[in-house]
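Undergrad: If you scroll down you'll find the structure; I have some questions about it.
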Amino acid sequence: MPLQDLVEYFNDRLGREHRSSFRPFVLKESKVSGLFGPIRIDSFFTPLRQTSKPTVIVGHTAQILVAPNKTQHLYANEIENLLANNSVQAGDFESIINFDRLSRTVHMLNYLTLAHLQGVLFLEVDPRHILGIKHDHGAYFEDVIAQCGLETKNVVVVLSVSSQYAPYYQELINGLHNYQRRGYQIALKFEYLGQESEAFDLIARIAPNYVSSSARNMENQAHDELLLTKLQQLKTQITSVGGQSILQQIDEKKSDLLARNIGFDLVEGSYYSAIAFDYLNDSKPDHHDLNTDHYG
């Protein structure tokens, strides 16, 4: 289906769901944006590379760009709905779910416009979205994926693990298992490795396809034996469930060396867009543009 037709399809669908004439998806110069109240949502993608051969790209992470929406259109029925819903509790998950679905649809549509992007697409899902959906996680987005001509196995649902959600880990695990049953791949994202036992327990119970950590929290500890031990244990745990390990946000050579020394499977970061690949024995990069790690 042509991209313009897809944009119209999803505008029509959201219009029916919310009984609204507002059309939040906008196609301009082959890029799709999503309008959500006073903001405009755009996408950029960063490549995930094989650690041993960074010219090989296995997938991309979708990240959100947010800018002010200078032209807000508010129709009569939107005003009526706002007045009718003024009793909705501030803690309601509805707006979070809607924002999450809108942004992921924008990412998926933009991904289709970039023919050189191959492999799996990593899409982060807000934990509150998972908690707000009581059953059939992934069913709504499965139709989005199908309309875009892809399959759920092409999509990796990324959950950022935070201690503030520790009381709700079981609900999050249940939600992720629902995604798995629909064929989605799963990734756990750890910004910090503070509670290793909890991290290892989650990995064992979810058996994710990928587990990622951020190099930015490690760059000043690259020679810390305790950190190295933790990372080696993490790598062992990931391997035990058949998953792949990722070190992200690699900005410096020492973080690349850390990824290699520990044996991370995949890497991501600005470091790879700037270096010359001397260690590849003068082999030439593939068709991917190594000088551009962000695709907007």
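Labels for the structure tokens follow display order: chains A, B, ..., residues from 1 in each chain, ligands from 1.
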Write out as a list in words which residues come within 12 Å of Gly119 of chain A when counting only C-alpha atoms, dropping same-chain ones fewer than 6 positions away.
TA: Pro47, Leu48, Arg49, Val56, Ile57, Val58, Gly59, His60, Thr61, Tyr111, Leu150, Glu151, Lys153, Asn154, Val155 and Val156 of chain A
Undergrad: Mind dumping a table of every segment 121-168 of chain A residue within 7 Å of segment 176-182 of chain A, with the nearest atom pair and its distance in Å to one decimal, using only C-alpha atoms, sorted by chain and rising number, as a Markdown table?
TA:
```
| residue | atom | partner | partner_atom | distance |
| --- | --- | --- | --- | --- |
| A:Asp136 | CA | A:Asn178 | CA | 6.4 |
| A:His137 | CA | A:Asn178 | CA | 5.5 |
| A:Gly138 | CA | A:Tyr179 | CA | 5.4 |
```
Undergrad: Could you give me, as a ChimeraX atom specification, each residue of segment 190-230 of chain A that DSSP assigns to helix (DSSP H, G or I) when run on this structure's backbone?
TA: /A:196-206,215-217,219-221,225-230
Undergrad: Would you kindly return, as a compact mmCIF listing (two decimals) with N, CA, C and O atoms, in the first residue's frame, each protein, DNA or RNA residue with an atom no farther than 9 Å from any atom of Asn110 of chain A, considering only C-alpha atoms and excluding same-chain residues fewer than 3 positions away?
TA:
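The new file selection-v3.txt reads:
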```txt
# COMPACT_ATOMS: atom_id res chain seq x y z
N SER A 30 8.06 12.88 2.26
CA SER A 30 8.34 11.46 2.50
C SER A 30 8.62 11.13 3.96
O SER A 30 9.18 10.08 4.27
N LYS A 31 8.23 12.02 4.88
CA LYS A 31 8.38 11.76 6.31
C LYS A 31 7.02 11.91 6.98
O LYS A 31 6.25 12.82 6.66
N VAL A 32 6.76 11.01 7.92
CA VAL A 32 5.48 11.03 8.62
C VAL A 32 5.67 11.63 10.01
O VAL A 32 6.60 11.26 10.74
N SER A 33 4.80 12.55 10.37
CA SER A 33 4.77 13.11 11.72
C SER A 33 3.44 12.78 12.36
O SER A 33 2.45 12.51 11.67
N ASP A 42 8.22 13.16 15.64
CA ASP A 42 8.95 12.66 14.48
C ASP A 42 9.85 11.52 14.93
O ASP A 42 9.96 11.22 16.13
N SER A 43 10.50 10.87 13.96
CA SER A 43 11.33 9.69 14.25
C SER A 43 12.77 9.91 13.82
O SER A 43 13.05 10.63 12.87
N PHE A 44 13.68 9.27 14.56
CA PHE A 44 15.00 9.02 14.00
C PHE A 44 15.46 7.63 14.43
O PHE A 44 15.00 7.09 15.44
N THR A 105 3.24 4.10 15.76
CA THR A 105 2.75 4.08 14.38
C THR A 105 3.57 5.03 13.51
O THR A 105 3.91 4.69 12.37
N VAL A 106 3.93 6.19 14.04
CA VAL A 106 4.79 7.12 13.31
C VAL A 106 6.13 6.45 12.98
O VAL A 106 6.62 6.54 11.85
N HIS A 107 6.71 5.78 13.97
CA HIS A 107 8.00 5.11 13.74
C HIS A 107 7.87 4.04 12.65
O HIS A 107 8.73 3.92 11.77
N THR A 113 9.69 4.11 4.85
CA THR A 113 10.19 5.05 3.83
C THR A 113 11.68 4.91 3.59
O THR A 113 12.20 5.46 2.62
N LEU A 114 12.37 4.19 4.46
CA LEU A 114 13.82 4.10 4.37
C LEU A 114 14.20 2.70 3.91
O LEU A 114 14.38 1.78 4.71
N GLY A 296 16.62 10.49 9.98
CA GLY A 296 15.42 11.22 10.41
C GLY A 296 14.30 11.09 9.41
O GLY A 296 14.49 10.68 8.30
```
Undergrad: For Glu8 of chain A, please output as a PyMOL selection string all residues within 12 Å (counting only C-alpha atoms; exclusion window: fewer than 2 positions along the same chain).
TA: chain A and resi 1-6+10-15+22-27+32+109+147
Undergrad: Can you work out which one of A:Lys70, A:Arg260, A:Arg16, A:His135 has the shortest atom-to-atom distance to Gly37 of chain A, counting only C-alpha atoms?
TA: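 Of all the options, A:Lys70 lies closest to Gly37 of chain A.
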